[in-house]
file upload-v8.txt (compact mmCIF, C-alpha atoms)
# COMPACT_ATOMS: atom_id res chain seq x y z
CA LEU A 21 9.40 12.87 8.85
CA GLU A 22 10.46 16.39 7.87
CA ILE A 23 8.09 18.45 5.72
CA GLY A 24 9.40 21.50 3.89
CA GLU A 25 7.91 23.85 1.35
CA MET A 26 9.14 21.80 -1.61
CA HIS A 27 9.90 18.32 -0.25
CA VAL A 28 9.10 15.64 2.30
CA ARG A 29 12.08 13.89 3.91
CA LYS A 30 11.70 10.45 5.45
CA ARG A 31 14.59 9.48 7.69
CA SER A 32 15.36 6.47 9.86
CA ALA A 33 18.21 4.49 11.33
CA SER A 34 16.28 1.43 12.51
CA ALA A 35 14.01 1.24 9.45
CA ALA A 36 16.64 2.15 6.84
CA PRO A 37 16.11 -1.03 4.72
CA LYS A 38 12.40 -0.25 4.49
CA LEU A 39 13.07 3.34 3.42
CA ARG A 40 15.68 2.25 0.87
CA ALA A 41 13.10 -0.07 -0.66
CA GLU A 42 10.48 2.72 -0.78
CA ALA A 43 12.91 5.04 -2.54
CA ARG A 44 13.99 2.36 -5.00
CA TRP A 45 10.35 1.52 -5.76
CA LEU A 46 9.64 5.18 -6.59
CA ARG A 47 12.86 5.46 -8.62
CA GLU A 48 12.22 2.31 -10.66
CA ALA A 49 8.47 2.58 -11.14
CA PRO A 50 7.69 1.75 -14.80
CA PRO A 51 6.57 4.55 -17.14
CA GLU A 52 2.95 3.34 -17.05
CA VAL A 53 2.88 3.63 -13.25
CA ALA A 54 5.16 6.64 -12.62
CA PRO A 55 2.49 9.33 -13.28
CA TYR A 56 0.55 7.96 -10.30
CA CYS A 57 3.53 8.10 -7.92
CA ALA A 58 5.22 10.72 -5.79
CA ARG A 59 8.40 12.04 -7.41
CA LEU A 60 11.68 10.99 -5.82
CA LEU A 61 14.06 13.95 -5.58
CA SER A 62 17.12 12.65 -3.73
CA GLU A 63 18.39 10.18 -1.18
CA GLY A 64 21.43 9.81 1.01
CA GLU A 65 23.03 8.89 4.30
CA ASP A 66 24.50 10.81 7.18
CA ALA A 67 26.23 9.70 10.37
CA ASP A 68 23.51 7.45 11.73
CA SER A 69 20.58 7.25 9.31
CA TYR A 70 19.32 6.95 5.74
CA TYR A 71 16.88 9.42 4.18
CA TYR A 72 15.09 10.15 0.95
CA ASP A 73 13.28 13.22 -0.30
CA SER A 74 10.12 13.22 -2.38
CA GLU A 75 8.32 16.19 -3.86
CA TYR A 76 5.80 17.78 -1.52
CA GLU A 77 2.37 17.44 -3.07
CA TYR A 78 -0.19 20.12 -2.17
CA MET A 79 -3.17 17.80 -2.19
CA PRO A 80 -5.17 15.90 0.43
CA THR A 81 -5.05 12.19 1.15
CA LEU A 82 -8.18 10.16 0.55
CA ALA A 83 -8.31 9.62 4.32
CA GLU A 84 -8.57 13.38 4.84
CA LEU A 85 -11.22 13.69 2.14
CA TYR A 86 -13.21 10.81 3.62
CA VAL A 87 -13.12 12.09 7.22
CA PHE A 88 -13.14 15.87 6.80
CA GLY A 89 -14.29 16.56 3.24
CA ARG A 90 -17.73 17.08 1.81
CA VAL A 91 -17.14 15.01 -1.29
CA THR A 92 -20.14 14.18 -3.46
CA PRO A 93 -20.80 10.64 -4.72
CA PRO A 94 -19.97 11.63 -8.35
CA ALA A 95 -16.62 12.98 -7.13
CA TRP A 96 -15.90 9.71 -5.33
CA VAL A 97 -16.64 7.88 -8.57
CA ARG A 98 -13.92 9.96 -10.26
CA ILE A 99 -11.49 9.43 -7.37
CA LEU A 100 -11.98 5.66 -7.32
CA GLY A 101 -11.79 5.67 -11.10
CA SER A 102 -8.31 7.14 -10.82
CA CYS A 103 -7.42 4.43 -8.27
CA ALA A 104 -8.58 1.89 -10.84
CA GLY A 105 -6.40 3.65 -13.41
CA PHE A 106 -3.35 2.97 -11.22
CA VAL A 107 -4.31 -0.70 -10.86
CA ASP A 108 -4.82 -1.05 -14.62
CA ALA A 109 -1.44 0.59 -15.29
CA SER A 110 0.17 -1.74 -12.74
CA VAL A 111 -1.24 -4.78 -14.53
CA ARG A 112 0.05 -3.54 -17.90
CA ALA A 113 3.50 -2.89 -16.42
CA GLY A 114 3.84 -6.09 -14.43
CA GLY A 115 1.52 -8.66 -15.92
CA SER A 116 4.35 -11.01 -16.90
CA ALA A 117 6.04 -11.06 -13.49
CA HIS A 118 6.41 -14.30 -11.56
CA VAL A 119 4.94 -13.96 -8.08
CA ASP A 120 4.63 -17.67 -7.17
CA GLY A 121 1.79 -17.76 -4.67
CA LEU A 122 2.58 -14.37 -3.14
CA LEU A 123 -1.06 -13.62 -2.32
CA ARG A 124 -1.35 -16.68 -0.11
CA ARG A 125 1.85 -15.81 1.74
CA LEU A 126 0.73 -12.23 2.32
CA VAL A 127 -2.88 -12.98 3.22
CA VAL A 128 -2.75 -16.36 4.97
CA ASP A 129 0.76 -16.78 6.36
CA LYS A 130 1.20 -13.15 7.44
CA THR A 131 -2.27 -13.04 8.99
CA ALA A 132 -1.59 -16.27 10.89
CA GLU A 133 1.61 -14.80 12.32
CA ARG A 134 -0.16 -11.62 13.41
CA LEU A 135 -3.08 -13.53 14.92
CA ASP A 136 -0.70 -15.71 16.93
CA ALA A 137 1.20 -12.65 18.17
CA PHE A 138 -2.04 -10.87 19.10
CA ALA A 139 -3.45 -13.95 20.83
CA GLY A 140 -0.26 -14.35 22.87
CA ALA A 141 -0.26 -10.70 23.95
CA ALA A 142 -3.99 -10.53 24.69
CA GLY A 143 -4.51 -14.03 26.10
CA LEU A 144 -7.03 -14.73 23.36
CA ASP A 145 -8.28 -18.13 22.23
CA LEU A 146 -8.22 -18.08 18.44
CA ASP A 147 -10.48 -21.15 18.30
CA ALA A 148 -13.23 -19.71 20.51
CA PRO A 149 -16.54 -19.13 18.69
CA ASN A 150 -17.69 -15.54 18.29
CA THR A 151 -20.96 -13.68 17.94
CA LEU A 152 -21.65 -10.70 15.71
CA ASN A 153 -24.78 -8.64 16.41
CA GLY A 154 -26.14 -11.56 18.39
CA MET A 155 -25.56 -14.07 15.58
CA PRO A 156 -23.03 -16.93 15.75
CA ALA A 157 -19.80 -16.27 13.87
CA PRO A 158 -16.68 -18.38 13.21
CA SER A 159 -13.64 -18.25 15.44
CA LEU A 160 -10.76 -16.07 14.26
CA ARG A 161 -8.84 -19.16 13.19
CA GLY A 162 -12.01 -20.38 11.46
CA CYS A 163 -12.16 -17.12 9.51
CA LEU A 164 -8.57 -17.64 8.42
CA ARG A 165 -9.38 -21.19 7.28
CA GLU A 166 -12.25 -19.82 5.17
CA ILE A 167 -9.91 -17.29 3.59
CA GLU A 168 -7.35 -20.00 2.88
CA ALA A 169 -10.02 -22.18 1.26
CA THR A 170 -11.13 -19.27 -0.94
CA LEU A 171 -7.56 -18.61 -2.09
CA ALA A 172 -6.89 -22.30 -2.78
CA GLY A 173 -8.74 -22.09 -6.09
CA CYS A 174 -7.16 -18.82 -7.21
CA GLY A 175 -4.13 -18.49 -9.40
CA ASP A 176 -1.73 -15.56 -9.39
CA ALA A 177 -2.70 -12.11 -10.71
CA PRO A 178 0.71 -10.48 -11.21
CA SER A 179 1.19 -6.74 -11.44
CA VAL A 180 3.33 -3.96 -10.11
CA MET A 181 2.22 -3.79 -6.47
CA HIS A 182 2.23 -0.75 -4.20
CA GLY A 183 1.78 -2.96 -1.16
CA ASP A 184 0.04 -0.44 1.12
CA PHE A 185 -2.64 0.93 -1.18
CA CYS A 186 -4.84 2.48 1.53
CA PHE A 187 -6.56 5.86 1.88
CA SER A 188 -3.76 7.42 3.96
CA ASN A 189 -1.19 6.68 1.22
CA ILE A 190 -3.26 7.96 -1.70
CA LEU A 191 -3.35 11.68 -2.53
CA TYR A 192 -5.80 13.14 -5.01
CA SER A 193 -5.63 16.15 -7.29
CA PHE A 194 -9.03 17.46 -8.34
CA ARG A 195 -7.34 19.58 -11.00
CA ARG A 196 -5.52 16.64 -12.59
CA ASP A 197 -8.22 14.11 -11.69
CA ARG A 198 -5.44 11.74 -10.70
CA VAL A 199 -4.22 9.99 -7.58
CA ARG A 200 -0.61 10.23 -6.43
CA LEU A 201 0.79 7.46 -4.24
CA ILE A 202 3.27 7.69 -1.38
CA ASP A 203 4.98 5.14 0.88
CA PRO A 204 5.08 2.01 -1.30
CA ARG A 205 6.13 -1.22 0.40
CA GLY A 206 9.02 -2.20 -1.89
CA LEU A 207 9.90 -5.30 0.17
CA THR A 208 8.52 -8.80 -0.11
CA GLU A 209 7.48 -10.71 2.99
CA ARG A 210 10.94 -12.29 2.78
CA GLY A 211 12.65 -8.90 3.02
CA GLU A 212 13.71 -8.78 -0.65
CA PHE A 213 13.14 -5.79 -2.92
CA SER A 214 10.45 -6.15 -5.57
CA LEU A 215 8.24 -3.90 -7.65
CA HIS A 216 5.90 -6.80 -8.30
CA GLY A 217 3.14 -8.62 -6.51
CA ASP A 218 -0.52 -9.49 -6.86
CA ARG A 219 -3.02 -6.79 -7.80
CA ARG A 220 -5.66 -8.32 -5.53
CA TYR A 221 -3.56 -7.44 -2.48
CA ASP A 222 -3.63 -3.76 -3.47
CA LEU A 223 -7.36 -3.98 -4.15
CA ALA A 224 -7.95 -5.60 -0.74
CA LYS A 225 -6.00 -2.80 0.96
CA LEU A 226 -8.11 -0.22 -0.86
CA MET A 227 -11.37 -1.95 0.09
call {"tool": "encode", "arguments": {"input": "upload-v8.txt", "output": "structure tokens"}}
result
Amino acid sequence: LEIGEMHVRKRSASAAPKLRAEARWLREAPPEVAPYCARLLSEGEDADSYYYDSEYEYMPTLAELYVFGRVTPPAWVRILGSCAGFVDASVRAGGSAHVDGLLRRLVVDKTAERLDAFAGAAGLDLDAPNTLNGMPAPSLRGCLREIEATLAGCGDAPSVMHGDFCFSNILYSFRRDRVRLIDPRGLTERGEFSLHGDRRYDLAKLM
């Protein structure tokens, strides 16, 4: 990551497909969504890596505001209202997309893979019961089964999807009263480029 006075350059050799997808997402963002996104300036390749430049935004991330700022509750209402504005714009721009059970694949299948990897590395029993504040709680695999059961009755909620809609990727301008987003996912769980997904995944990331 190279930060200059006017631009931010992201560069990688090993993660070039991911960066290409980020740049393409920013370049192809629909008009309804584009005002909420960082502006792509250029992209290119050199001997061993791919890079893209986006405009440097002189504004804090929501993570910085949450940890270091003294932000009043009414101001947070405005900030989260702007986050909701992005989600609403995403629904208008991508409401007719076909996402075919994407939420289940992202939430259940991906979580199962990560749990298995974590359990293998940590020697953890995913079926062991847990306690939380002295009260019995489900096993980790039991939690995943509850999530899967909840999603079983849900249809798709298609929209344009940022894919990593968390506080560290959301900037906020108090002057404009608008969020600006950086670092979109751009890739499906199958490694294919897509602007679209399920709005509930973005909302879950934000929560």
call {"tool": "closest_atom_pairs", "arguments": {"input": "upload-v8.txt", "of": "range 157-214 of chain A", "to": "range 67-80 of chain A", "cutoff": "9 Å", "atoms": "only C-alpha atoms", "output": "tab-separated table"}}
result
residue	atom	partner	partner_atom	distance
A:Ile190	CA	A:Pro80	CA	8.4
A:Leu191	CA	A:Pro80	CA	5.5
A:Tyr192	CA	A:Met79	CA	6.0
A:Ser193	CA	A:Met79	CA	5.9
A:Phe194	CA	A:Met79	CA	8.5
A:Arg200	CA	A:Glu77	CA	8.5
A:Ile202	CA	A:Ser74	CA	8.9
call {"tool": "closest_residue", "arguments": {"input": "upload-v8.txt", "among": "A:Ser116, A:Thr151, A:Thr92, A:Ser179", "to": "Val53 in chain A", "atoms": "all atoms listed in the file"}}
result
A:Ser179
call {"tool": "closest_residue", "arguments": {"input": "upload-v8.txt", "among": "A:Ile99, A:Glu133, A:Arg29, A:Glu212", "to": "Tyr86 in chain A", "atoms": "all atoms listed in the file"}}
result
A:Ile99
call {"tool": "axis_aligned_box", "arguments": {"input": "upload-v8.txt", "around": "range 119-126 of chain A", "padding_each_side": "6 Å", "output": "JSON"}}
result
{"center_x": 1.8, "center_y": -15.0, "center_z": -2.9, "size_x": 18.3, "size_y": 17.5, "size_z": 22.4}
call {"tool": "atom_distance", "arguments": {"input": "upload-v8.txt", "atom1": "CA of Ala132 in chain A", "atom2": "CA of Ser34 in chain A"}}
result
25.2 Å
call {"tool": "residues_around", "arguments": {"input": "upload-v8.txt", "residues": "range 156-163 of chain A", "least_positions_apart": "5", "cutoff": "10 Å", "atoms": "all atoms listed in the file", "output": "ChimeraX atom specification"}}
result
/A:131-132,135-136,144-151,168-169
call {"tool": "write_last_selection", "arguments": {"input": "upload-v8.txt", "atoms": "C-alpha atoms", "output": "short mmCIF file (atom, residue, chain, number, x, y, z; two decimals), keeping the file's coordinate frame"}}
result
data_model
loop_
_atom_site.label_atom_id
_atom_site.label_comp_id
_atom_site.auth_asym_id
_atom_site.auth_seq_id
_atom_site.Cartn_x
_atom_site.Cartn_y
_atom_site.Cartn_z
CA THR A 131 -2.27 -13.04 8.99
CA ALA A 132 -1.59 -16.27 10.89
CA LEU A 135 -3.08 -13.53 14.92
CA ASP A 136 -0.70 -15.71 16.93
CA LEU A 144 -7.03 -14.73 23.36
CA ASP A 145 -8.28 -18.13 22.23
CA LEU A 146 -8.22 -18.08 18.44
CA ASP A 147 -10.48 -21.15 18.30
CA ALA A 148 -13.23 -19.71 20.51
CA PRO A 149 -16.54 -19.13 18.69
CA ASN A 150 -17.69 -15.54 18.29
CA THR A 151 -20.96 -13.68 17.94
CA GLU A 168 -7.35 -20.00 2.88
CA ALA A 169 -10.02 -22.18 1.26
#
call {"tool": "residues_near_point", "arguments": {"input": "upload-v8.txt", "point": "(-1.5, -1.9, -13.1)", "cutoff": "8 Å", "atoms": "only C-alpha atoms", "output": "PyMOL selection string"}}
result
chain A and resi 52-53+105-115+179-181+219
call {"tool": "atom_distance", "arguments": {"input": "upload-v8.txt", "atom1": "CA of Asp176 in chain A", "atom2": "CA of Pro204 in chain A"}}
result
20.5 Å
call {"tool": "atom_distance", "arguments": {"input": "upload-v8.txt", "atom1": "CA of Arg47 in chain A", "atom2": "CA of Asp184 in chain A"}}
result
17.1 Å
call {"tool": "residues_around", "arguments": {"input": "upload-v8.txt", "residues": "Leu171 in chain A", "least_positions_apart": "6", "cutoff": "10 Å", "atoms": "all atoms listed in the file", "output": "PyMOL selection string"}}
result
chain A and resi 121+123-124+127-128+165
call {"tool": "residues_around", "arguments": {"input": "upload-v8.txt", "residues": "Trp96 in chain A", "least_positions_apart": "6", "cutoff": "12 Å", "atoms": "only C-alpha atoms", "output": "ChimeraX atom specification"}}
result
/A:82,85-86,89-90,102-103,192,194,197-199
call {"tool": "build_atoms", "arguments": {"input": "upload-v8.txt", "residues": "range 122-139 of chain A", "atoms": "N, CA, C and O atoms", "output": "PDB file, keeping the file's coordinate frame"}}
result
ATOM      1  N   LEU A 122       2.351 -15.466  -4.079  1.00  0.00           N
ATOM      2  CA  LEU A 122       2.580 -14.370  -3.140  1.00  0.00           C
ATOM      3  C   LEU A 122       1.326 -14.020  -2.348  1.00  0.00           C
ATOM      4  O   LEU A 122       1.394 -13.745  -1.152  1.00  0.00           O
ATOM      5  N   LEU A 123       0.166 -14.037  -3.005  1.00  0.00           N
ATOM      6  CA  LEU A 123      -1.060 -13.620  -2.320  1.00  0.00           C
ATOM      7  C   LEU A 123      -1.329 -14.500  -1.110  1.00  0.00           C
ATOM      8  O   LEU A 123      -1.696 -14.016  -0.038  1.00  0.00           O
ATOM      9  N   ARG A 124      -1.124 -15.792  -1.252  1.00  0.00           N
ATOM     10  CA  ARG A 124      -1.350 -16.680  -0.110  1.00  0.00           C
ATOM     11  C   ARG A 124      -0.384 -16.361   1.022  1.00  0.00           C
ATOM     12  O   ARG A 124      -0.771 -16.347   2.197  1.00  0.00           O
ATOM     13  N   ARG A 125       0.875 -16.107   0.688  1.00  0.00           N
ATOM     14  CA  ARG A 125       1.850 -15.810   1.740  1.00  0.00           C
ATOM     15  C   ARG A 125       1.501 -14.516   2.463  1.00  0.00           C
ATOM     16  O   ARG A 125       1.625 -14.422   3.685  1.00  0.00           O
ATOM     17  N   LEU A 126       1.064 -13.509   1.704  1.00  0.00           N
ATOM     18  CA  LEU A 126       0.730 -12.230   2.320  1.00  0.00           C
ATOM     19  C   LEU A 126      -0.557 -12.313   3.134  1.00  0.00           C
ATOM     20  O   LEU A 126      -0.650 -11.761   4.233  1.00  0.00           O
ATOM     21  N   VAL A 127      -1.559 -12.995   2.590  1.00  0.00           N
ATOM     22  CA  VAL A 127      -2.880 -12.980   3.220  1.00  0.00           C
ATOM     23  C   VAL A 127      -3.013 -14.048   4.291  1.00  0.00           C
ATOM     24  O   VAL A 127      -3.519 -13.775   5.382  1.00  0.00           O
ATOM     25  N   VAL A 128      -2.557 -15.256   4.018  1.00  0.00           N
ATOM     26  CA  VAL A 128      -2.750 -16.360   4.970  1.00  0.00           C
ATOM     27  C   VAL A 128      -1.601 -16.434   5.968  1.00  0.00           C
ATOM     28  O   VAL A 128      -1.800 -16.359   7.180  1.00  0.00           O
ATOM     29  N   ASP A 129      -0.378 -16.579   5.459  1.00  0.00           N
ATOM     30  CA  ASP A 129       0.760 -16.780   6.360  1.00  0.00           C
ATOM     31  C   ASP A 129       0.995 -15.561   7.254  1.00  0.00           C
ATOM     32  O   ASP A 129       1.208 -15.688   8.466  1.00  0.00           O
ATOM     33  N   LYS A 130       0.965 -14.375   6.655  1.00  0.00           N
ATOM     34  CA  LYS A 130       1.200 -13.150   7.440  1.00  0.00           C
ATOM     35  C   LYS A 130       0.084 -12.937   8.461  1.00  0.00           C
ATOM     36  O   LYS A 130       0.347 -12.553   9.607  1.00  0.00           O
ATOM     37  N   THR A 131      -1.152 -13.201   8.064  1.00  0.00           N
ATOM     38  CA  THR A 131      -2.270 -13.040   8.990  1.00  0.00           C
ATOM     39  C   THR A 131      -2.160 -14.040  10.139  1.00  0.00           C
ATOM     40  O   THR A 131      -2.433 -13.704  11.301  1.00  0.00           O
ATOM     41  N   ALA A 132      -1.757 -15.269   9.838  1.00  0.00           N
ATOM     42  CA  ALA A 132      -1.590 -16.270  10.890  1.00  0.00           C
ATOM     43  C   ALA A 132      -0.544 -15.827  11.906  1.00  0.00           C
ATOM     44  O   ALA A 132      -0.743 -15.968  13.123  1.00  0.00           O
ATOM     45  N   GLU A 133       0.570 -15.283  11.413  1.00  0.00           N
ATOM     46  CA  GLU A 133       1.610 -14.800  12.320  1.00  0.00           C
ATOM     47  C   GLU A 133       1.091 -13.671  13.210  1.00  0.00           C
ATOM     48  O   GLU A 133       1.344 -13.655  14.429  1.00  0.00           O
ATOM     49  N   ARG A 134       0.348 -12.751  12.633  1.00  0.00           N
ATOM     50  CA  ARG A 134      -0.160 -11.620  13.410  1.00  0.00           C
ATOM     51  C   ARG A 134      -1.240 -12.061  14.403  1.00  0.00           C
ATOM     52  O   ARG A 134      -1.303 -11.549  15.521  1.00  0.00           O
ATOM     53  N   LEU A 135      -2.073 -13.011  13.998  1.00  0.00           N
ATOM     54  CA  LEU A 135      -3.080 -13.530  14.920  1.00  0.00           C
ATOM     55  C   LEU A 135      -2.417 -14.222  16.113  1.00  0.00           C
ATOM     56  O   LEU A 135      -2.831 -14.032  17.267  1.00  0.00           O
ATOM     57  N   ASP A 136      -1.388 -15.020  15.842  1.00  0.00           N
ATOM     58  CA  ASP A 136      -0.700 -15.710  16.930  1.00  0.00           C
ATOM     59  C   ASP A 136      -0.047 -14.704  17.888  1.00  0.00           C
ATOM     60  O   ASP A 136      -0.116 -14.867  19.110  1.00  0.00           O
ATOM     61  N   ALA A 137       0.569 -13.660  17.317  1.00  0.00           N
ATOM     62  CA  ALA A 137       1.200 -12.650  18.170  1.00  0.00           C
ATOM     63  C   ALA A 137       0.156 -11.918  19.010  1.00  0.00           C
ATOM     64  O   ALA A 137       0.349 -11.672  20.210  1.00  0.00           O
ATOM     65  N   PHE A 138      -0.970 -11.573  18.385  1.00  0.00           N
ATOM     66  CA  PHE A 138      -2.040 -10.870  19.100  1.00  0.00           C
ATOM     67  C   PHE A 138      -2.634 -11.759  20.185  1.00  0.00           C
ATOM     68  O   PHE A 138      -2.881 -11.310  21.314  1.00  0.00           O
ATOM     69  N   ALA A 139      -2.869 -13.029  19.852  1.00  0.00           N
ATOM     70  CA  ALA A 139      -3.450 -13.950  20.830  1.00  0.00           C
ATOM     71  C   ALA A 139      -2.525 -14.115  22.029  1.00  0.00           C
ATOM     72  O   ALA A 139      -2.977 -14.161  23.182  1.00  0.00           O
TER      73      ALA A 139
END
